[in-house]
Structures are given as structure tokens and as C-alpha cells.
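Participant: upload-v1.cif (mmCIF, C-alpha atoms and all ligand atoms) pasted underneath:
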data_target
#
loop_
_atom_site.label_atom_id
_atom_site.label_comp_id
_atom_site.auth_asym_id
_atom_site.auth_seq_id
_atom_site.Cartn_x
_atom_site.Cartn_y
_atom_site.Cartn_z
CA MET A 1 40.32 16.75 4.15
CA GLU A 2 41.05 16.29 7.83
CA VAL A 3 40.93 12.71 9.12
CA ILE A 4 40.68 12.30 12.88
CA ILE A 5 41.07 8.82 14.34
CA LEU A 6 39.94 8.43 17.94
CA ASP A 7 39.86 5.48 20.34
CA THR A 8 36.19 5.31 21.24
CA GLU A 9 32.75 6.03 19.84
CA LEU A 10 32.24 8.55 22.63
CA GLU A 11 35.34 10.49 21.60
CA VAL A 12 34.09 10.50 17.99
CA ALA A 13 30.73 11.90 19.14
CA CYS A 14 32.34 14.56 21.36
CA ALA A 15 34.77 15.72 18.65
CA ALA A 16 31.94 16.12 16.13
CA ALA A 17 29.72 17.78 18.75
CA ASP A 18 32.54 20.27 19.44
CA LEU A 19 32.45 21.37 15.79
CA VAL A 20 28.68 21.83 15.83
CA ALA A 21 28.75 23.61 19.20
CA ARG A 22 31.50 25.99 18.10
CA LEU A 23 29.50 26.92 14.98
CA VAL A 24 26.22 27.46 16.81
CA ALA A 25 27.88 29.41 19.65
CA HIS A 26 29.41 31.73 17.07
CA THR A 27 26.37 31.82 14.74
CA PRO A 28 23.14 31.04 16.65
CA THR A 29 21.17 31.19 13.37
CA ALA A 30 23.40 28.59 11.71
CA VAL A 31 21.93 26.12 9.23
CA LEU A 32 22.71 22.50 10.04
CA GLY A 33 22.34 19.46 7.84
CA VAL A 34 21.28 16.50 9.97
CA ALA A 35 21.65 12.80 9.28
CA THR A 36 19.66 9.98 10.81
CA GLY A 37 20.75 6.38 11.46
CA SER A 38 23.00 5.15 14.26
CA SER A 39 26.18 7.06 13.44
CA PRO A 40 25.18 10.58 14.61
CA GLN A 41 23.22 9.44 17.69
CA GLY A 42 26.15 10.06 20.04
CA ILE A 43 26.60 13.56 18.61
CA TYR A 44 22.96 14.41 19.31
CA ARG A 45 23.18 12.98 22.84
CA GLU A 46 26.34 14.98 23.54
CA LEU A 47 24.79 18.18 22.18
CA ALA A 48 21.61 17.57 24.18
CA ASP A 49 23.70 17.30 27.35
CA ARG A 50 25.30 20.65 26.57
CA VAL A 51 21.87 22.20 25.93
CA ASP A 52 20.58 20.78 29.23
CA ALA A 53 23.61 22.23 31.00
CA GLY A 54 22.72 25.65 29.59
CA ASP A 55 25.93 25.85 27.55
CA LEU A 56 24.31 25.87 24.13
CA SER A 57 21.04 26.78 22.40
CA PHE A 58 19.63 25.66 19.07
CA GLY A 59 16.54 27.84 19.49
CA ARG A 60 17.42 30.06 16.51
CA ALA A 61 19.24 27.49 14.39
CA ARG A 62 17.73 25.86 11.31
CA ALA A 63 18.09 22.24 10.19
CA PHE A 64 17.54 20.26 7.01
CA ALA A 65 17.43 16.46 7.09
CA LEU A 66 19.34 14.53 4.46
CA ASP A 67 16.66 12.08 3.49
CA GLU A 68 13.31 10.42 4.10
CA TYR A 69 11.68 7.10 3.20
CA VAL A 70 8.98 7.20 0.56
CA GLY A 71 5.53 6.08 1.68
CA LEU A 72 5.99 5.87 5.46
CA PRO A 73 3.36 7.86 7.36
CA ARG A 74 4.98 10.81 9.10
CA ASP A 75 4.02 9.43 12.50
CA HIS A 76 5.58 6.02 11.76
CA ALA A 77 8.33 5.53 14.36
CA GLN A 78 10.94 4.97 11.61
CA SER A 79 9.96 7.82 9.32
CA TYR A 80 12.78 10.33 9.38
CA HIS A 81 10.21 12.98 10.29
CA SER A 82 9.65 11.06 13.52
CA VAL A 83 13.31 10.25 14.06
CA ILE A 84 14.40 13.87 13.58
CA GLN A 85 11.65 15.06 15.95
CA HIS A 86 12.59 12.47 18.55
CA ASP A 87 16.39 12.58 18.31
CA VAL A 88 17.13 16.14 17.23
CA VAL A 89 14.29 18.67 17.50
CA GLY A 90 13.12 17.70 20.99
CA PRO A 91 16.42 17.00 22.78
CA LEU A 92 18.31 19.91 21.20
CA GLY A 93 15.43 22.38 21.50
CA PHE A 94 15.12 23.40 17.86
CA ASP A 95 12.11 25.51 16.89
CA PRO A 96 10.12 22.87 14.91
CA ALA A 97 9.16 25.57 12.38
CA LEU A 98 12.84 25.91 11.47
CA VAL A 99 13.45 22.21 10.77
CA ARG A 100 12.71 20.56 7.44
CA VAL A 101 12.63 16.91 6.35
CA PRO A 102 12.06 15.86 2.72
CA ASP A 103 8.47 14.93 1.96
CA GLY A 104 8.19 11.20 1.35
CA LEU A 105 4.44 11.28 0.84
CA ASP A 106 3.92 13.91 -1.85
CA PRO A 107 3.16 12.01 -5.08
CA ASP A 108 4.61 14.94 -7.06
CA THR A 109 8.21 14.21 -6.16
CA ASP A 110 9.58 16.61 -8.79
CA ALA A 111 7.71 19.52 -7.19
CA SER A 112 8.45 18.53 -3.58
CA THR A 113 12.16 17.94 -4.18
CA ALA A 114 12.53 21.21 -6.10
CA ARG A 115 10.82 22.93 -3.16
CA TYR A 116 13.28 21.32 -0.74
CA GLU A 117 16.24 22.59 -2.78
CA ARG A 118 14.65 26.05 -2.85
CA GLU A 119 14.15 26.05 0.92
CA ILE A 120 17.81 25.19 1.51
CA ALA A 121 18.88 27.96 -0.87
CA GLU A 122 16.51 30.48 0.76
CA ALA A 123 17.98 29.61 4.16
CA GLY A 124 21.36 30.63 2.78
CA GLY A 125 22.69 27.08 2.31
CA VAL A 126 23.89 24.57 4.88
CA ASP A 127 26.74 25.72 7.13
CA LEU A 128 27.63 22.32 8.56
CA GLN A 129 26.39 18.98 7.26
CA ILE A 130 26.57 15.99 9.61
CA LEU A 131 27.04 12.77 7.63
CA GLY A 132 27.16 9.06 8.27
CA ILE A 133 28.19 6.58 5.59
CA GLY A 134 26.60 3.34 4.45
CA SER A 135 28.59 0.12 4.41
CA ASN A 136 28.37 0.36 0.60
CA GLY A 137 29.70 3.91 0.72
CA HIS A 138 26.41 5.76 0.28
CA ILE A 139 26.11 9.33 1.55
CA GLY A 140 22.60 10.45 2.37
CA PHE A 141 20.77 7.78 0.41
CA ASN A 142 22.88 8.36 -2.68
CA GLU A 143 23.62 4.77 -3.56
CA PRO A 144 26.64 3.70 -5.64
CA THR A 145 26.75 5.34 -9.10
CA SER A 146 24.73 8.36 -7.94
CA SER A 147 25.93 11.40 -9.84
CA PHE A 148 28.17 13.85 -8.01
CA ALA A 149 26.01 16.55 -9.64
CA SER A 150 22.71 15.11 -8.34
CA ARG A 151 20.18 17.22 -6.44
CA THR A 152 17.36 16.21 -4.09
CA ARG A 153 15.31 13.48 -5.80
CA ILE A 154 13.73 10.07 -5.44
CA LYS A 155 16.10 7.06 -5.34
CA THR A 156 15.78 3.31 -5.05
CA LEU A 157 17.53 1.95 -1.97
CA ALA A 158 20.18 -0.68 -2.64
CA PRO A 159 19.34 -4.17 -1.32
CA GLN A 160 22.40 -3.88 0.97
CA THR A 161 21.00 -0.66 2.50
CA ARG A 162 17.60 -2.25 3.06
CA ARG A 163 19.31 -5.20 4.78
CA ASP A 164 21.45 -2.85 6.89
CA ASN A 165 18.38 -0.82 7.93
CA ALA A 166 16.19 -3.86 8.61
CA ARG A 167 17.30 -3.61 12.25
CA PHE A 168 15.00 -0.60 12.63
CA PHE A 169 11.97 -2.54 11.28
CA GLU A 170 10.29 -5.87 11.94
CA ASN A 171 11.92 -7.38 8.85
CA VAL A 172 13.67 -6.37 5.66
CA ALA A 173 10.46 -6.43 3.60
CA ASP A 174 9.15 -3.56 5.77
CA VAL A 175 12.05 -1.28 4.81
CA PRO A 176 10.71 1.02 2.08
CA ALA A 177 12.28 0.45 -1.33
CA HIS A 178 12.42 4.16 -2.17
CA CYS A 179 13.58 7.34 -0.53
CA ILE A 180 13.91 11.05 -1.12
CA THR A 181 17.51 12.14 -0.61
CA GLN A 182 19.52 15.28 -0.96
CA GLY A 183 21.77 14.79 -3.96
CA LEU A 184 25.53 14.55 -3.82
CA GLY A 185 25.65 17.96 -5.52
CA THR A 186 23.35 19.34 -2.80
CA ILE A 187 25.60 17.89 -0.10
CA LEU A 188 28.73 19.26 -1.79
CA ASP A 189 27.23 22.76 -1.53
CA ALA A 190 27.31 22.64 2.27
CA ARG A 191 30.14 24.77 3.65
CA HIS A 192 31.54 22.14 6.02
CA LEU A 193 31.05 18.37 5.83
CA VAL A 194 31.52 16.42 9.06
CA LEU A 195 31.36 12.66 8.54
CA VAL A 196 31.42 10.24 11.45
CA ALA A 197 31.78 6.46 11.26
CA GLN A 198 32.19 3.79 13.88
CA GLY A 199 32.91 0.09 13.67
CA ARG A 200 34.53 -2.45 11.39
CA SER A 201 31.54 -2.61 9.03
CA LYS A 202 32.38 0.93 7.85
CA ALA A 203 36.12 0.36 7.32
CA ALA A 204 35.97 -0.34 3.56
CA ALA A 205 33.61 2.57 2.90
CA ILE A 206 35.90 4.91 4.85
CA ALA A 207 39.03 3.73 3.04
CA HIS A 208 37.36 4.22 -0.35
CA ALA A 209 35.97 7.62 0.69
CA VAL A 210 39.25 8.98 2.01
CA GLU A 211 41.93 7.24 -0.05
CA GLY A 212 40.24 5.58 -2.98
CA PRO A 213 39.88 6.98 -6.45
CA VAL A 214 37.08 9.53 -6.73
CA SER A 215 34.29 7.41 -8.15
CA SER A 216 30.52 7.35 -8.00
CA VAL A 217 30.82 3.63 -7.21
CA TRP A 218 31.88 4.77 -3.72
CA PRO A 219 29.80 7.94 -3.22
CA GLY A 220 31.71 8.85 -0.06
CA SER A 221 34.71 9.67 -2.23
CA LEU A 222 32.90 12.96 -2.99
CA LEU A 223 34.53 14.20 0.23
CA GLN A 224 37.78 14.46 -1.71
CA LEU A 225 36.18 17.16 -3.87
CA HIS A 226 35.12 19.32 -0.92
CA ARG A 227 37.30 22.11 0.37
CA HIS A 228 36.30 21.64 4.03
CA ALA A 229 35.61 18.05 4.99
CA THR A 230 36.30 16.51 8.39
CA VAL A 231 36.17 12.73 8.82
CA ILE A 232 36.02 11.53 12.43
CA VAL A 233 36.28 7.78 12.93
CA ASP A 234 37.04 5.24 15.60
CA GLU A 235 39.92 2.77 15.29
CA ALA A 236 37.70 0.03 13.83
CA ALA A 237 36.32 2.26 11.08
CA ALA A 238 39.88 3.47 10.38
CA SER A 239 41.31 -0.04 10.14
CA GLU A 240 41.56 -0.16 6.33
CA LEU A 241 43.15 3.29 5.93
CA GLU A 242 46.68 3.04 4.54
CA LEU A 243 47.84 6.39 5.90
CA GLY A 244 46.47 6.07 9.43
CA GLU A 245 49.83 6.87 10.95
CA TYR A 246 50.00 10.15 9.00
CA TYR A 247 46.47 11.20 10.04
CA ARG A 248 47.28 10.55 13.69
CA TYR A 249 50.55 12.51 13.38
CA ALA A 250 48.84 15.41 11.60
CA PHE A 251 46.11 15.60 14.24
CA ALA A 252 48.61 15.44 17.12
CA ASN A 253 50.64 18.24 15.50
CA LYS A 254 47.80 20.40 14.26
CA PRO A 255 48.78 24.06 13.97
CA ARG A 256 46.87 26.36 16.30
C1 LIG A 301 20.76 8.75 7.05
C2 LIG A 301 21.79 8.75 6.02
C3 LIG A 301 22.58 7.54 5.72
C4 LIG A 301 23.25 6.95 6.96
C5 LIG A 301 23.97 5.67 6.58
C6 LIG A 301 24.65 5.04 7.77
O1 LIG A 301 20.14 10.01 7.13
O2 LIG A 301 21.95 9.73 5.40
O3 LIG A 301 23.58 7.87 4.79
O4 LIG A 301 24.14 7.88 7.48
O5 LIG A 301 23.07 4.76 6.04
O6 LIG A 301 23.66 4.59 8.65
P1 LIG A 301 24.03 4.17 10.13
O7 LIG A 301 24.56 5.38 10.78
O8 LIG A 301 22.75 3.71 10.72
O9 LIG A 301 25.05 3.09 10.01
#
Please rewrite the model in this file as C-alpha cells.
Facilitator:
Amino acid sequence: MEVIILDTELEVACAAADLVARLVAHTPTAVLGVATGSSPQGIYRELADRVDAGDLSFGRARAFALDEYVGLPRDHAQSYHSVIQHDVVGPLGFDPALVRVPDGLDPDTDASTARYEREIAEAGGVDLQILGIGSNGHIGFNEPTSSFASRTRIKTLAPQTRRDNARFFENVADVPAHCITQGLGTILDARHLVLVAQGRSKAAAIAHAVEGPVSSVWPGSLLQLHRHATVIVDEAAASELELGEYYRYAFANKPR
């Protein structure tokens, strides 16, 4: 695992955007895994700037979203269908036909989640998965004690997650109780995991993910099982890491 600690949120966004841009420049048909929430917003803005400048094109790339709320109409402003359209598909210029979001409305969740897994496999798997992390350590919406072998399925959101996400809704009661999320096993199949986190509220989750024992109680610790994981954090999110000095040294002395 590579841990990169940077001074500002903007630097975090630019460093992650560099990884995405390098992949898509090399492989225009790359398959991206895209997260929603606040953490990746800077990455999408940075990538959109590069698209606007004519330096980059996502026109042939594919994308799969990590998760979706159950029961929100697709055109609800906070459905991840809407958020992905608004924050990713439009600004980055994806072909909408090549972007998938789990179906939070299909009552046959077994069939719809199996279809989602099949679509990812048929696309050749995810080349680079952008991840945020919940303050309770969740990855996607895999709440604590989710199995590391889990696949896309329905989950119940933890009360902490509903409180954290209440800022996107009128009040916490409006945050759906259930979601469809890629499983931790699904996420582990991606070829490169790029996790970004900003702010003090993520410090414990980052410390457990990077340095804690591998445990489903802190789902982010799955990163330790992946052969190519990059964690990019600001100083506040890094503040509970014990080996911060080593990560800074390793990054400053990275072999070419
Ligand atoms: C969203 C997702 C979640 C978020 C996490 C952090 O698609 O997969 O794991 O990344 O809840 O959310 P923010 O970034 O809003 O703090």
C-alpha cells in the first residue's frame, strides 16, 4: 500500500486525478469505479478542468458506481443516479450508455445485483476504483462487519452513516435506511484502489484502514489485502497514523 500525505484538499484531489488521467490517457477505454459523497468531488472537478482544457477525454471510458440508495426515485437530487450524472457523466463527458449505477428501485434485488456483477465482469473488471471512506470505516456502503468476500447486494445503512449523510437531505429521517452496494469482494477485484480522505473526522478510519488489524469491524482495512492500493490523505485525515513520518519519507524518496 502506498500512503501519500499532502498538505491540502486540493493537492489530494490533484494527486488522485493524476492517477486517473494517466490511466485514461494510456487506455481510453478504461473501466473506472466511481464513488459519490464529498471526498471525490475535488477529483471530479480537477478532471473536468483537464477535459475542458482538451487534455483528456472520457468519451470511450466506462464507469461503475459503487452504490445507490434503495427507494429513491432516479431523478431525486440525492439518488446516486442523479449525483453521478451531475458530478461525473456531464462534467467529464462520459457516454451515458457506458456508465452504470446499481438499481435501487428493482424489487428483485437478487436479480439486479447479480446483473450488476455480471456487467462489471463483462466490461473486463474495474481498472481503477476511486474510494472514499466513512467515519465508521465503511467502504462503498459496506458497513462494519461486512464480509471481505461480499458481492453487490442490499445492505442496511448504519445509524452513523445516516447521520453523516443527513447533510445532503432535509433531515436524517429522509436518508434511506437501505442501499445497494458493491461488496468488499467486488471492490477487491478492481486492479487499482485509490482512496482519498480529508479532514479530522476521517482520521480514525484511516488509521484503522492503513495500520490497524485486518478486521471487518473496520472495512477499510481490506486495503491491506490488495496488491495495488493508494491512499491519498490530507494532514488532518493522517493525524492518527503512527508511521506518518515513514510515509512522507517514502513518498519523497520514491524510486522512479
Ligand atoms: C459513496 C461511498 C461511501 C463514501 C463515504 C464517505 O459512494 O461509497 O463509502 O465514500 O461514505 O462519504 P463522504 O465522502 O461524503 O465523507
Participant: Using 6 Å as the limit and counting only C-alpha atoms and all ligand atoms, can you tabulate each residue of chain A that touches ligand LIG 301 (chain A), with its shortest atom-to-atom distance in Å and the two atoms involved, as CSV?
Facilitator:
residue,atom,partner,partner_atom,distance
A:Ala35,CA,A:LIG301,O1,3.8
A:Thr36,CA,A:LIG301,O1,3.7
A:Gly37,CA,A:LIG301,O8,3.4
A:Ser38,CA,A:LIG301,O7,3.8
A:Ser39,CA,A:LIG301,O7,3.5
A:Leu66,CA,A:LIG301,O1,5.3
A:Asp67,CA,A:LIG301,O1,5.4
A:Leu131,CA,A:LIG301,O4,5.7
A:Gly132,CA,A:LIG301,O4,3.3
A:Ile133,CA,A:LIG301,C5,4.4
A:Gly134,CA,A:LIG301,C5,4.1
A:His138,CA,A:LIG301,O3,5.7
A:Ile139,CA,A:LIG301,O3,4.4
A:Gly140,CA,A:LIG301,O2,3.2
A:Phe141,CA,A:LIG301,O3,5.2
Participant: Between atom CA of Gly199 of chain A and atom CA of Lys254 of chain A, what is the spacing in Å?
Facilitator: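 Pair atom CA of Lys254 of chain A / atom CA of Gly199 of chain A returns 25.2 Å.
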Participant: Find the spatial neighbours of Val88 of chain A, counting all atoms listed in the file, within a cut-off of 12 Å - ignore same-chain residues fewer than 2 positions away - and output them as a ChimeraX atom specification.
Facilitator: /A:32-37,40-48,51,58-59,61-65,80-86,90-96,99-101
Participant: Generate a file of the selected residues that holds C-alpha atoms, formatted as a PDB file, keeping the file's coordinate frame.
Facilitator:
ATOM      1  CA  LEU A  32      22.710  22.500  10.040  1.00  0.00           C
ATOM      2  CA  GLY A  33      22.340  19.460   7.840  1.00  0.00           C
ATOM      3  CA  VAL A  34      21.280  16.500   9.970  1.00  0.00           C
ATOM      4  CA  ALA A  35      21.650  12.800   9.280  1.00  0.00           C
ATOM      5  CA  THR A  36      19.660   9.980  10.810  1.00  0.00           C
ATOM      6  CA  GLY A  37      20.750   6.380  11.460  1.00  0.00           C
ATOM      7  CA  PRO A  40      25.180  10.580  14.610  1.00  0.00           C
ATOM      8  CA  GLN A  41      23.220   9.440  17.690  1.00  0.00           C
ATOM      9  CA  GLY A  42      26.150  10.060  20.040  1.00  0.00           C
ATOM     10  CA  ILE A  43      26.600  13.560  18.610  1.00  0.00           C
ATOM     11  CA  TYR A  44      22.960  14.410  19.310  1.00  0.00           C
ATOM     12  CA  ARG A  45      23.180  12.980  22.840  1.00  0.00           C
ATOM     13  CA  GLU A  46      26.340  14.980  23.540  1.00  0.00           C
ATOM     14  CA  LEU A  47      24.790  18.180  22.180  1.00  0.00           C
ATOM     15  CA  ALA A  48      21.610  17.570  24.180  1.00  0.00           C
ATOM     16  CA  VAL A  51      21.870  22.200  25.930  1.00  0.00           C
ATOM     17  CA  PHE A  58      19.630  25.660  19.070  1.00  0.00           C
ATOM     18  CA  GLY A  59      16.540  27.840  19.490  1.00  0.00           C
ATOM     19  CA  ALA A  61      19.240  27.490  14.390  1.00  0.00           C
ATOM     20  CA  ARG A  62      17.730  25.860  11.310  1.00  0.00           C
ATOM     21  CA  ALA A  63      18.090  22.240  10.190  1.00  0.00           C
ATOM     22  CA  PHE A  64      17.540  20.260   7.010  1.00  0.00           C
ATOM     23  CA  ALA A  65      17.430  16.460   7.090  1.00  0.00           C
ATOM     24  CA  TYR A  80      12.780  10.330   9.380  1.00  0.00           C
ATOM     25  CA  HIS A  81      10.210  12.980  10.290  1.00  0.00           C
ATOM     26  CA  SER A  82       9.650  11.060  13.520  1.00  0.00           C
ATOM     27  CA  VAL A  83      13.310  10.250  14.060  1.00  0.00           C
ATOM     28  CA  ILE A  84      14.400  13.870  13.580  1.00  0.00           C
ATOM     29  CA  GLN A  85      11.650  15.060  15.950  1.00  0.00           C
ATOM     30  CA  HIS A  86      12.590  12.470  18.550  1.00  0.00           C
ATOM     31  CA  GLY A  90      13.120  17.700  20.990  1.00  0.00           C
ATOM     32  CA  PRO A  91      16.420  17.000  22.780  1.00  0.00           C
ATOM     33  CA  LEU A  92      18.310  19.910  21.200  1.00  0.00           C
ATOM     34  CA  GLY A  93      15.430  22.380  21.500  1.00  0.00           C
ATOM     35  CA  PHE A  94      15.120  23.400  17.860  1.00  0.00           C
ATOM     36  CA  ASP A  95      12.110  25.510  16.890  1.00  0.00           C
ATOM     37  CA  PRO A  96      10.120  22.870  14.910  1.00  0.00           C
ATOM     38  CA  VAL A  99      13.450  22.210  10.770  1.00  0.00           C
ATOM     39  CA  ARG A 100      12.710  20.560   7.440  1.00  0.00           C
ATOM     40  CA  VAL A 101      12.630  16.910   6.350  1.00  0.00           C
TER      41      VAL A 101
END
Participant: In the coordinate frame of the file, compute which residues have an atom within 8 Å of (45.3, 10.9, 19.6) when using all atoms listed in the file, and state them as a PyMOL selection string.
Facilitator: chain A and resi 5-7+248+251-252
Participant: Keeping only C-alpha atoms, write the selected residues to a file as an mmCIF file, in the coordinates of the input.
Facilitator:
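Just written: part_36.cif:
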data_model
loop_
_atom_site.group_PDB
_atom_site.id
_atom_site.type_symbol
_atom_site.label_atom_id
_atom_site.label_comp_id
_atom_site.auth_asym_id
_atom_site.auth_seq_id
_atom_site.Cartn_x
_atom_site.Cartn_y
_atom_site.Cartn_z
ATOM 1 C CA ILE A 5 41.070 8.820 14.340
ATOM 2 C CA LEU A 6 39.940 8.430 17.940
ATOM 3 C CA ASP A 7 39.860 5.480 20.340
ATOM 4 C CA ARG A 248 47.280 10.550 13.690
ATOM 5 C CA PHE A 251 46.110 15.600 14.240
ATOM 6 C CA ALA A 252 48.610 15.440 17.120
#
Participant: Atom CA of Asn171 of chain A to atom CA of Arg153 of chain A: how many Å, to one decimal?
Facilitator: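 Between atom CA of Asn171 of chain A and atom CA of Arg153 of chain A the gap is 25.7 Å.
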Participant: Take atom CA of Ala77 of chain A and atom CA of Gly183 of chain A and report the distance between them in Å, one decimal.
Facilitator: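 So the two atoms, atom CA of Ala77 of chain A and atom CA of Gly183 of chain A, lie 24.5 Å apart.
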Participant: May I have the residues within 6 Å of Gln182 of chain A as number ranges by chain, using all atoms listed in the file and disregarding those fewer than 4 positions away in the same chain?
Facilitator: A: 66, 151-152, 186
Participant: Excluding Glu211 of chain A and any residue of its chain fewer than 4 positions from it, enumerate the residues within 8 Å of it, using all atoms listed in the file, and give them as a list in words.
Facilitator: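 Here the answer would be Ala207, Ser221, Leu241 and Glu242 of chain A.
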Participant: A:Val20, A:Val210, A:Ile154, A:Ala205: which is nearest Ala114 of chain A, counting only C-alpha atoms?
Facilitator: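 Of all the options, A:Ile154 lies closest to Ala114 of chain A.
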Participant: Find the residues around Glu122 of chain A up to 12 Å (only C-alpha atoms counted), leave out those fewer than 5 positions away in its own chain, and share them as a list in words.
Facilitator: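 In the requested format, the answer is Val31, Arg62, Arg115, Tyr116 and Glu117 of chain A.
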Participant: Would you put the residues from that selection into a file with C-alpha atoms, as a compact mmCIF listing (two decimals), in the frame of the given file?
Facilitator:
# COMPACT_ATOMS: atom_id res chain seq x y z
CA VAL A 31 21.93 26.12 9.23
CA ARG A 62 17.73 25.86 11.31
CA ARG A 115 10.82 22.93 -3.16
CA TYR A 116 13.28 21.32 -0.74
CA GLU A 117 16.24 22.59 -2.78
Participant: With all atoms listed in the file as the basis for distance, which of A:Asp189, A:Glu170, A:Glu240, A:Asp106 is at the shortest distance from Gln78 of chain A?
Facilitator: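 Closest candidate: A:Glu170.
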